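Peer 1: Could you have a look at this structure, given as structure tokens, before my questions?
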Amino acid sequence: MKWDEFFVTGEPMIYGAMVSIVVVSLAILIGLTYFKKWGWLWREWLTTVDHKRIGIMYIIAALIMLFRGGVDALLMRAQLAIPENGLLDAQHYNEIFTTHGVIMILFMAMPFVVGLMNVVIPLQIGARDVAFPRLNAVSFWLFFAGAMLFNISFVIGGSPDAGWTAYFPLASIEFSPTVGNNYYSIAIQIAGIGTLMTAVNFLVTILKMRAPGMKLMKMPMFTWSVLITNVIILFAFPVLTVALALMMFDRLFGTQFFTMANGGMDMLWANLFWVWGHPEVYIVILPAFGIYSEVISTFSRKNLYGYKSMVWSMIIISLLSFVVWAHHFYTMGHGVMVNGIFSITTMAIAVPTGVKIFNWLFTLQKGRIEFTTPMLYSLAFIPIFTIGGVTGVMLAMASADYQYHNTMFLVAHFHYVLIPGTVFAVIAGFYYWFPKLFGFRLNDRQGKLAFWIIAISFNVTFLPLFFLGLKGMTRRMYTYSESTGFGPLNLIASIGAVGLAIGFIVLVYNIYWSFRYAERDTTGDPWNARTLEWSTHSPVPEYNFAVVPKVDSLDAFWESKKSGKPLFTDKIEEIHMPNNSGQPFILGMIFMFFGFFMVFSWWVPAIIAGLGIVVMLAVRSFERDHGRHIPVSEIIKTEKALSSRMDTDAGLRGEHA
Amino acid sequence: MLLALFSALLVLLTGCNQLAVLNPKGPVAKTQSQVIIFSILTMAIILLVVYTLYIYMLTKYRASKAAPDYEPPHVEGSKWLEITWITIPIIIVAVLSVVTVRSTAAVEKVPEGYEDQKPLVIYAASSNWKWHFSYPEEGIETVNYVNLPTNRPVEFRLYSFGPITSFWVPQLAGQKYAMSDMVNTLNIVAEHEGSYMGKNSNFSGEGFAHMEFEALAMTPSEYDDWVKEVKDTASELTEPEFDKLLETAHVGRQTYTSTHLEFRPAPEGENAGHHHGGENGAAEESEQTQMDHSTMDHSDMDMTESSDHEAHN
Amino acid sequence: MKVDHTLPLEYQTEENSNRVLGFWLFLGAEIVLFATLFSVYLTLWNRTGSGPNGAEIFEIGPVLGETFLLLTSSFTCGLAVHSMRLGLKKPFMAFFGITLLMGLGFLGIEITEFVTYVHEDATIQTSAFLSSLFVLLGTHGAHVTMGLLWGGGLMIQVKREGFTHDTANKSFIFSLYWHFLDVVWIFIFSFVYLKGLM
């Protein structure tokens, strides 16, 4: 293979991207060396098994991916702003909407949600870490390896170009001969394995490591949402694993699963993809519902309305999510019977979702509503997401879907679901839990400014798309002629996209400003919140809780603040903590190289890297690492140091030992 | 509120006539347009309820309005309220389900009132980024445009020589997929003369954005004249010529006096779907037709059946 | 470390009982994985293209051999875990070793079978049926291979360390994995071979 085939050539924009990647990487390397931070990076971050730090790394990666996916989106909107635009050619546009979809769903929404899970769940259930801290680090590094592998595709070898759904036969080697879709099948696979392990890890954590007294029906709603989400991951991701493996076999080894000859069946891919793909939507939505429940309850100063029905509606949603996948291709021609059944199951999801909406509304009733930044995102979610929801019901009606399918109406619908559903939620969660991690709140005034710009621009961007769809504009068209009349609405949408970009710039500035100037929080509980994570210090010490809390009610911390009954009654004992390890990072890197060699079918290096993976597993099997114990004296010292900058009642945290 | 205003404004600005989907020219699209408008109205009521409650809660219970010592009560929930907002949505979903199933059945069939007429069969096949229309009865074939007689049922038989495409003429009927190893049927009646935009709506690669065709509905006598004219003026479609046509990415309009079905039959009946192992006739062995193997008719195409199991496992 | 002596050795620490639960959950995911592969196979099994069908290539003899070896190995694996609970190291090593040897034998037959298919021009590229057959069997075979490597490592660890919380827990989890592979094989035997031969 020649170098000019290896690197993507002939695209000024991609040359620009290459140069900026090289410059930024060099700057990071030089910076780390100059400030002598290599050791710090290795000891504190790359080898960490602390759920909080892993969570922070997930969130940072997600923010970087949000930037990448956002640039893709801006390019698309720029191309579509006017008819017959020549900014991008068809191939480039096809690659961009493909990577936009994959990155936003799998490398932005998922890691952001998983990052928040990591940060919050152990704290919220009163645990010291997740069940398998080392495995948690492996999950992260596999996700990271997959994300990096996917992202280098656009400079080395070319990006996938068959849409994020990668329908066959279009994604087959015959119609998509570049390595782009090899990247798709392998990079997502690696990240997916990490996600599956996350699911196992958090299920065991939530099922077995809750604070004494925290019965299932006394768990905070975010914990419930994460529990259910991980059940969905556990049962949905193996389907993706198989689908991607078959795709890889078709493309690399000439198998006939989805081909057009020798018995291959293109619709099989569509079915497998959506059997995973629809539950995937709920994987990113349910935790968002959990976050909103926490935030709305906190800032209404009221307990969550209809707790039980909230839990049950999530369980029902998770079950239904597995029996609706065919609504993604009503138009495949499976007849009235099948389409009818899938229409009904799909519309049925509206019922439990509606229950949740009304429960949130009635949580607000008789509350004392405070409009903080996280609360604004949560409140904006309700009306905007409802539009997404009702248009979802409209799409669920098979006969009408024949007219909406593959159009901008559909694009508008799922952005109305995913952006207020997931993106607003992770931003709300980010603002809400940020002080817990860093010990200060993000500036509220700037945060609100960013919120208003984002919320308004979002509607300007996506509302016109409903009408474009009804006018007959299909998705994934890289250009359109003036006579179609699609021009004006597209221009409005593109202006909205610029607004969204500005909103996110303000948000980033808000983070930067707050790091430098924001007032430090000395209470550990800046929002006057309700759940256990707020009962410990901010930032949280590595062992989370000096003493494990004892719980006897929902919103245990709130009850304890009101009644004065302490949560922490035990004496401080020595704490067992896991040791850091470089193995997860090394394993992730080997996986990345393994994937890279597979993408290019370089078998010898691939086999060597594959053996490397087996060796790493063996090393882990033979290792005996039982962690370390933090002595009581050290805990007391840490607690004193943390308390001295706190002015709350020390007894609440069990520092009387 | 802002949103409602904004959308109302947009509707006024664009008007229904410019929304192709809501400006039907045949019974199928008309049914679909009615379903869409019905669902929009239903959803508008739901939005109204949610928005009213939302605005009420946000204006009434904001902290700035509350007494300084007001402490929100502990409320577990209300059985009756919760039953209400479970029951009413279930009723709405039930109504919508009935509407959906009936309208889906209606749009899959030959439209009401046209059952007695013999439908005009037109095969619509996609290759790369063009559409081939074969009229087996008339023995003519066109590329990238299709002429139809008005007020006569037309049965489109859809398939593809490559990636999945979706055949869509929004003003006449909703879309359906064209795939390489089976034939899908789409029933259409054009009740008004006119030129309608038709396109592939399912992404199929580089030339996708330009994969449009014109569907021209004309009176039956005009249609007959056109068929006669084609037979007088156009030339025959030979196999080599068709192969060359398949290779070409984009072409303009073409007209022929014979169809490719004679030497490259559509993937239906004998020629279609999957093979049941071991009974491969030599005739079916021709490698160059891409959909040669596997014979499967529509009914046992049901992937949904088998995937169903795994979803429940 | 909290140790609860009322439980079997492999469950006694909190970490270990978490691991067992975690592995059960992982097996849940594995069930979905194999169920998906079976669905793919059952969708494609009569789409043989120009290649042979199951009846033409399957031979019952070797398959019965494979079945015998794997079922028996599952039994000896159970005996090994039983010996472990009784604290009997030598029988454990013997039963565990027999389990792995039988697994190896199974793998040998499977590889011979694959080689025969390929010689009969029934390769993974021939038809959708054969692609799905090879991938289904291959995934199971790859699991057995992983099991052999893992089990081999465990034998060394038990030999060195005896029965500790670690080795007991790992051996028990290995046995769950091995039984699971056995169950998957029963499905392969029924839905692939018997169905194909009928």
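Naming scheme: A, B, ... for chains in displayed order of the structure tokens; residues 1 onward per chain; ligands 1 onward as shown.
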Tell me as a list of chain:residue names which residues belonging to chain A come within 7 Å of chain C, counting only C-alpha atoms.

Peer 2: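 Going by the stated atoms only, the list reads A:Ala131, A:Val200, A:Asn201, A:Val204, A:Leu234, A:Phe235, A:Pro238, A:Val239, A:Val242, A:Gly254, A:Thr255, A:Gln256, A:Phe257, A:Asn262, A:Gly263, A:Gly264.
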
Peer 1: Taking the backbone alone, and naming residues the way the document does, which bits of stretch 122-154 of chain B are strand (DSSP E) by DSSP, as a list in words?

Peer 2: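 DSSP-assigned strand (DSSP E) residues in stretch 122-154 of chain B: Ile122, Tyr123, Ala124, Ala125, Ser126, Ser127, Lys130, Trp131, His132, Phe133, Ser134, Tyr135, Ile140, Glu141, Thr142, Val143, Tyr145, Val146, Asn147, Leu148, Pro149 and Val154 of chain B.
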
Peer 1: Any chance you could export the current selection's N, CA and C atoms as a PDB file, in the first residue's frame?

Peer 2:
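Everything below was put into result05.pdb:
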```pdb
ATOM      1  N   ILE B 122     -46.289  -1.982 -13.431  1.00  0.00           N
ATOM      2  CA  ILE B 122     -45.031  -1.344 -13.836  1.00  0.00           C
ATOM      3  C   ILE B 122     -43.940  -1.820 -12.873  1.00  0.00           C
ATOM      4  N   TYR B 123     -42.889  -2.382 -13.434  1.00  0.00           N
ATOM      5  CA  TYR B 123     -41.755  -2.757 -12.592  1.00  0.00           C
ATOM      6  C   TYR B 123     -40.855  -1.544 -12.447  1.00  0.00           C
ATOM      7  N   ALA B 124     -40.532  -1.200 -11.193  1.00  0.00           N
ATOM      8  CA  ALA B 124     -39.604  -0.094 -10.964  1.00  0.00           C
ATOM      9  C   ALA B 124     -38.371  -0.668 -10.287  1.00  0.00           C
ATOM     10  N   ALA B 125     -37.256  -0.631 -11.004  1.00  0.00           N
ATOM     11  CA  ALA B 125     -36.029  -1.193 -10.440  1.00  0.00           C
ATOM     12  C   ALA B 125     -34.984  -0.101 -10.346  1.00  0.00           C
ATOM     13  N   SER B 126     -34.208  -0.115  -9.250  1.00  0.00           N
ATOM     14  CA  SER B 126     -33.163   0.891  -9.116  1.00  0.00           C
ATOM     15  C   SER B 126     -31.818   0.251  -9.395  1.00  0.00           C
ATOM     16  N   SER B 127     -30.936   1.017 -10.008  1.00  0.00           N
ATOM     17  CA  SER B 127     -29.558   0.565 -10.163  1.00  0.00           C
ATOM     18  C   SER B 127     -28.695   1.803 -10.001  1.00  0.00           C
ATOM     19  N   LYS B 130     -30.253   5.457 -10.558  1.00  0.00           N
ATOM     20  CA  LYS B 130     -31.299   5.713 -11.554  1.00  0.00           C
ATOM     21  C   LYS B 130     -32.425   4.706 -11.361  1.00  0.00           C
ATOM     22  N   TRP B 131     -33.537   5.005 -11.989  1.00  0.00           N
ATOM     23  CA  TRP B 131     -34.704   4.130 -11.901  1.00  0.00           C
ATOM     24  C   TRP B 131     -35.062   3.603 -13.277  1.00  0.00           C
ATOM     25  N   HIS B 132     -35.321   2.282 -13.367  1.00  0.00           N
ATOM     26  CA  HIS B 132     -35.771   1.672 -14.616  1.00  0.00           C
ATOM     27  C   HIS B 132     -37.245   1.328 -14.449  1.00  0.00           C
ATOM     28  N   PHE B 133     -38.075   1.770 -15.398  1.00  0.00           N
ATOM     29  CA  PHE B 133     -39.502   1.445 -15.328  1.00  0.00           C
ATOM     30  C   PHE B 133     -39.855   0.558 -16.509  1.00  0.00           C
ATOM     31  N   SER B 134     -40.304  -0.674 -16.190  1.00  0.00           N
ATOM     32  CA  SER B 134     -40.659  -1.595 -17.278  1.00  0.00           C
ATOM     33  C   SER B 134     -42.166  -1.787 -17.287  1.00  0.00           C
ATOM     34  N   TYR B 135     -42.757  -1.666 -18.486  1.00  0.00           N
ATOM     35  CA  TYR B 135     -44.192  -1.906 -18.665  1.00  0.00           C
ATOM     36  C   TYR B 135     -44.337  -3.213 -19.416  1.00  0.00           C
ATOM     37  N   ILE B 140     -42.740  -1.784 -23.126  1.00  0.00           N
ATOM     38  CA  ILE B 140     -41.839  -0.636 -23.234  1.00  0.00           C
ATOM     39  C   ILE B 140     -41.115  -0.428 -21.914  1.00  0.00           C
ATOM     40  N   GLU B 141     -40.049   0.303 -21.974  1.00  0.00           N
ATOM     41  CA  GLU B 141     -39.271   0.574 -20.773  1.00  0.00           C
ATOM     42  C   GLU B 141     -38.747   2.011 -20.806  1.00  0.00           C
ATOM     43  N   THR B 142     -38.769   2.652 -19.632  1.00  0.00           N
ATOM     44  CA  THR B 142     -38.228   4.013 -19.547  1.00  0.00           C
ATOM     45  C   THR B 142     -37.205   4.067 -18.429  1.00  0.00           C
ATOM     46  N   VAL B 143     -36.380   5.083 -18.463  1.00  0.00           N
ATOM     47  CA  VAL B 143     -35.430   5.306 -17.378  1.00  0.00           C
ATOM     48  C   VAL B 143     -35.644   6.717 -16.846  1.00  0.00           C
ATOM     49  N   TYR B 145     -38.082   8.324 -15.723  1.00  0.00           N
ATOM     50  CA  TYR B 145     -39.394   8.970 -15.715  1.00  0.00           C
ATOM     51  C   TYR B 145     -40.449   7.891 -15.883  1.00  0.00           C
ATOM     52  N   VAL B 146     -41.615   8.159 -15.359  1.00  0.00           N
ATOM     53  CA  VAL B 146     -42.677   7.171 -15.478  1.00  0.00           C
ATOM     54  C   VAL B 146     -43.985   7.895 -15.780  1.00  0.00           C
ATOM     55  N   ASN B 147     -44.678   7.439 -16.820  1.00  0.00           N
ATOM     56  CA  ASN B 147     -45.970   8.022 -17.174  1.00  0.00           C
ATOM     57  C   ASN B 147     -47.091   7.083 -16.737  1.00  0.00           C
ATOM     58  N   LEU B 148     -48.130   7.659 -16.154  1.00  0.00           N
ATOM     59  CA  LEU B 148     -49.237   6.843 -15.649  1.00  0.00           C
ATOM     60  C   LEU B 148     -50.547   7.378 -16.181  1.00  0.00           C
ATOM     61  N   PRO B 149     -51.497   6.484 -16.446  1.00  0.00           N
ATOM     62  CA  PRO B 149     -52.835   6.963 -16.762  1.00  0.00           C
ATOM     63  C   PRO B 149     -53.559   7.324 -15.468  1.00  0.00           C
ATOM     64  N   VAL B 154     -52.459   1.422 -10.480  1.00  0.00           N
ATOM     65  CA  VAL B 154     -51.136   1.062 -10.987  1.00  0.00           C
ATOM     66  C   VAL B 154     -50.448   0.245  -9.907  1.00  0.00           C
TER      67      VAL B 154
END
```

Peer 1: Skipping near chain neighbours, those fewer than 3 positions away, what residues fall within 9 Å of stretch 309-311 of chain A using only C-alpha atoms, listed as a list in words?

Peer 2: Met217, Met221, Trp224, Ser225, Leu304, Tyr305, Gly306, Met314, Ile315, Ile316, Pro352, Val355, Lys356 and Asn359 of chain A; Glu82 of chain B

Peer 1: Quick one, how far is atom CA of C:Ser74 from atom CA of A:Met197?

Peer 2: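 Computing the Euclidean distance for atom CA of C:Ser74 and atom CA of A:Met197 yields 26.3 Å.
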
Peer 1: From a DSSP pass on the backbone, collect the residues of stretch 29-181 of chain C flagged as helix (DSSP H, G or I) and hand them back as number ranges by chain.

Peer 2: C: 29-44, 54-57, 60-85, 89-119, 128-161, 165-181

Peer 1: What separation in Å, quoted to one decimal, exists between atom CA of A:Ala187 and atom CA of A:Trp276?

Peer 2: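 Atom-to-atom, atom CA of A:Ala187 to atom CA of A:Trp276, that is 16.6 Å.
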
Peer 1: Rank nothing, just name the residue among C:Gly141, C:Pro8, C:Gly97, C:Gly152 nearest to C:Phe114, using only C-alpha atoms.

Peer 2: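 So, comparing all the options, the nearest one is C:Gly141.
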
Peer 1: Counting only C-alpha atoms, what is within 12 Å of stretch 213-219 of chain B, bar same-chain residues fewer than 6 positions away, as a PyMOL selection string?

Peer 2: chain B and resi 25-26+124+126+129-133+142-154+167-173+188-201+225-227+250-254

Peer 1: Any chance you could export the current selection's N, CA and C atoms as a compact mmCIF listing (two decimals), in the first residue's frame?

Peer 2:
```txt
# COMPACT_ATOMS: atom_id res chain seq x y z
N LYS B 25 -52.59 13.67 -4.35
CA LYS B 25 -53.23 13.66 -5.67
C LYS B 25 -53.77 12.27 -6.01
N GLY B 26 -53.89 11.44 -4.98
CA GLY B 26 -54.43 10.11 -5.22
C GLY B 26 -54.94 9.55 -3.92
N ALA B 124 -40.53 -1.20 -11.19
CA ALA B 124 -39.60 -0.09 -10.96
C ALA B 124 -38.37 -0.67 -10.29
N SER B 126 -34.21 -0.11 -9.25
CA SER B 126 -33.16 0.89 -9.12
C SER B 126 -31.82 0.25 -9.40
N TRP B 129 -27.77 4.98 -9.37
CA TRP B 129 -28.58 6.12 -8.97
C TRP B 129 -29.56 6.50 -10.05
N LYS B 130 -30.25 5.46 -10.56
CA LYS B 130 -31.30 5.71 -11.55
C LYS B 130 -32.42 4.71 -11.36
N TRP B 131 -33.54 5.00 -11.99
CA TRP B 131 -34.70 4.13 -11.90
C TRP B 131 -35.06 3.60 -13.28
N HIS B 132 -35.32 2.28 -13.37
CA HIS B 132 -35.77 1.67 -14.62
C HIS B 132 -37.24 1.33 -14.45
N PHE B 133 -38.07 1.77 -15.40
CA PHE B 133 -39.50 1.45 -15.33
C PHE B 133 -39.86 0.56 -16.51
N THR B 142 -38.77 2.65 -19.63
CA THR B 142 -38.23 4.01 -19.55
C THR B 142 -37.20 4.07 -18.43
N VAL B 143 -36.38 5.08 -18.46
CA VAL B 143 -35.43 5.31 -17.38
C VAL B 143 -35.64 6.72 -16.85
N ASN B 144 -35.74 6.80 -15.52
CA ASN B 144 -35.84 8.08 -14.81
C ASN B 144 -37.09 8.90 -15.09
N TYR B 145 -38.08 8.32 -15.72
CA TYR B 145 -39.39 8.97 -15.71
C TYR B 145 -40.45 7.89 -15.88
N VAL B 146 -41.62 8.16 -15.36
CA VAL B 146 -42.68 7.17 -15.48
C VAL B 146 -43.98 7.90 -15.78
N ASN B 147 -44.68 7.44 -16.82
CA ASN B 147 -45.97 8.02 -17.17
C ASN B 147 -47.09 7.08 -16.74
N LEU B 148 -48.13 7.66 -16.15
CA LEU B 148 -49.24 6.84 -15.65
C LEU B 148 -50.55 7.38 -16.18
N PRO B 149 -51.50 6.48 -16.45
CA PRO B 149 -52.84 6.96 -16.76
C PRO B 149 -53.56 7.32 -15.47
N THR B 150 -54.38 8.36 -15.49
CA THR B 150 -55.12 8.72 -14.28
C THR B 150 -56.30 7.76 -14.07
N ASN B 151 -56.76 7.73 -12.83
CA ASN B 151 -57.94 6.96 -12.46
C ASN B 151 -57.87 5.48 -12.85
N ARG B 152 -56.66 4.95 -12.88
CA ARG B 152 -56.51 3.52 -13.08
C ARG B 152 -55.50 3.01 -12.07
N PRO B 153 -55.82 1.90 -11.39
CA PRO B 153 -54.85 1.41 -10.41
C PRO B 153 -53.54 1.00 -11.08
N VAL B 154 -52.46 1.42 -10.48
CA VAL B 154 -51.14 1.06 -10.99
C VAL B 154 -50.45 0.25 -9.91
N PHE B 167 -38.74 3.66 -2.99
CA PHE B 167 -39.48 4.29 -4.08
C PHE B 167 -40.54 5.20 -3.49
N TRP B 168 -40.49 6.46 -3.84
CA TRP B 168 -41.38 7.40 -3.16
C TRP B 168 -41.87 8.50 -4.10
N VAL B 169 -43.17 8.60 -4.23
CA VAL B 169 -43.79 9.74 -4.93
C VAL B 169 -44.75 10.35 -3.91
N PRO B 170 -44.27 11.31 -3.11
CA PRO B 170 -45.04 11.75 -1.93
C PRO B 170 -46.48 12.14 -2.22
N GLN B 171 -46.75 12.73 -3.37
CA GLN B 171 -48.12 13.18 -3.61
C GLN B 171 -49.04 12.05 -4.04
N LEU B 172 -48.47 10.89 -4.39
CA LEU B 172 -49.31 9.77 -4.80
C LEU B 172 -49.40 8.69 -3.73
N ALA B 173 -48.29 8.38 -3.06
CA ALA B 173 -48.32 7.35 -2.02
C ALA B 173 -47.02 7.37 -1.24
N ILE B 188 -50.88 2.29 -6.42
CA ILE B 188 -51.04 3.73 -6.56
C ILE B 188 -52.21 4.00 -7.51
N VAL B 189 -52.96 5.05 -7.20
CA VAL B 189 -53.87 5.57 -8.22
C VAL B 189 -53.64 7.08 -8.27
N ALA B 190 -53.42 7.61 -9.46
CA ALA B 190 -53.32 9.06 -9.61
C ALA B 190 -54.69 9.56 -10.04
N GLU B 191 -55.27 10.47 -9.25
CA GLU B 191 -56.60 10.94 -9.60
C GLU B 191 -56.57 12.28 -10.32
N HIS B 192 -55.42 12.90 -10.28
CA HIS B 192 -55.32 14.20 -10.95
C HIS B 192 -54.14 14.17 -11.90
N GLU B 193 -54.33 14.80 -13.05
CA GLU B 193 -53.20 14.90 -13.96
C GLU B 193 -52.16 15.83 -13.36
N GLY B 194 -50.93 15.58 -13.73
CA GLY B 194 -49.90 16.47 -13.23
C GLY B 194 -48.55 15.79 -13.19
N SER B 195 -47.54 16.60 -12.95
CA SER B 195 -46.18 16.09 -12.86
C SER B 195 -45.78 16.05 -11.38
N TYR B 196 -45.41 14.89 -10.90
CA TYR B 196 -45.09 14.76 -9.48
C TYR B 196 -43.64 14.34 -9.29
N MET B 197 -43.03 14.91 -8.25
CA MET B 197 -41.66 14.53 -7.94
C MET B 197 -41.64 13.10 -7.37
N GLY B 198 -40.74 12.29 -7.93
CA GLY B 198 -40.52 10.97 -7.36
C GLY B 198 -39.06 10.83 -7.05
N LYS B 199 -38.74 10.04 -6.02
CA LYS B 199 -37.33 9.93 -5.68
C LYS B 199 -37.06 8.66 -4.90
N ASN B 200 -35.76 8.39 -4.81
CA ASN B 200 -35.33 7.36 -3.88
C ASN B 200 -35.13 8.06 -2.55
N SER B 201 -35.73 7.56 -1.50
CA SER B 201 -35.56 8.24 -0.23
C SER B 201 -34.62 7.50 0.70
N ASP B 225 -51.71 7.35 -26.36
CA ASP B 225 -50.95 8.01 -27.42
C ASP B 225 -49.46 7.93 -27.16
N TRP B 226 -49.13 8.13 -25.90
CA TRP B 226 -47.70 8.11 -25.54
C TRP B 226 -47.10 6.73 -25.81
N VAL B 227 -47.84 5.69 -25.41
CA VAL B 227 -47.35 4.33 -25.63
C VAL B 227 -47.13 4.09 -27.13
N HIS B 250 -25.11 7.76 -13.69
CA HIS B 250 -26.27 8.62 -13.92
C HIS B 250 -26.57 8.68 -15.41
N VAL B 251 -27.82 8.66 -15.77
CA VAL B 251 -28.19 8.92 -17.16
C VAL B 251 -29.40 9.84 -17.16
N GLY B 252 -29.68 10.41 -18.30
CA GLY B 252 -30.89 11.22 -18.43
C GLY B 252 -32.07 10.29 -18.69
N ARG B 253 -33.12 10.84 -19.28
CA ARG B 253 -34.29 10.01 -19.59
C ARG B 253 -33.99 9.10 -20.78
N GLN B 254 -34.45 7.86 -20.70
CA GLN B 254 -34.29 6.92 -21.80
C GLN B 254 -35.64 6.25 -22.06
```

Peer 1: Neighbours of stretch 596-603 of chain A within 8 Å (only C-alpha atoms; same-chain residues fewer than 4 positions away dropped), as a ChimeraX atom specification?

Peer 2: /A:149,179,182-183,186,252,592,607

Peer 1: Residues of the last selection are to be written out with N, CA and C atoms, as a short mmCIF file (atom, residue, chain, number, x, y, z; two decimals), in the first residue's frame.

Peer 2:
```cif
data_model
loop_
_atom_site.label_atom_id
_atom_site.label_comp_id
_atom_site.auth_asym_id
_atom_site.auth_seq_id
_atom_site.Cartn_x
_atom_site.Cartn_y
_atom_site.Cartn_z
N LEU A 149 -9.69 4.92 17.56
CA LEU A 149 -9.60 4.18 16.30
C LEU A 149 -10.62 4.72 15.30
N VAL A 179 -11.56 1.36 3.43
CA VAL A 179 -11.52 0.71 4.74
C VAL A 179 -12.49 1.35 5.73
N ASN A 182 -14.62 -0.85 7.61
CA ASN A 182 -13.86 -1.74 8.50
C ASN A 182 -13.67 -1.06 9.84
N TYR A 183 -13.34 0.23 9.76
CA TYR A 183 -13.22 0.99 11.00
C TYR A 183 -14.53 0.90 11.79
N ILE A 186 -14.97 -2.51 13.48
CA ILE A 186 -13.99 -2.90 14.50
C ILE A 186 -13.93 -1.90 15.65
N LEU A 252 -14.00 -8.55 5.58
CA LEU A 252 -12.60 -8.96 5.60
C LEU A 252 -12.39 -10.38 5.11
N MET A 592 -6.30 -1.19 20.56
CA MET A 592 -6.38 -0.18 19.52
C MET A 592 -5.50 -0.59 18.34
N ILE A 607 -2.02 -10.59 14.36
CA ILE A 607 -1.90 -11.80 15.18
C ILE A 607 -0.99 -11.52 16.38
#
```

Peer 1: In terms of the shortest atom-to-atom distance over only C-alpha atoms, which of C:Phe75, C:Gly151, C:Gly108, C:Ile57 is closest to A:Ala618?

Peer 2: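 Looking only at the distances to A:Ala618, the closest residue turns out to be C:Gly151.
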
Peer 1: Compare C:Glu56, C:Glu161, C:Asp182, C:Glu66 by their minimum atom-to-atom distance to chain B, counting only C-alpha atoms, and give me the closest one.

Peer 2: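 The closest residue to chain B is C:Glu56.
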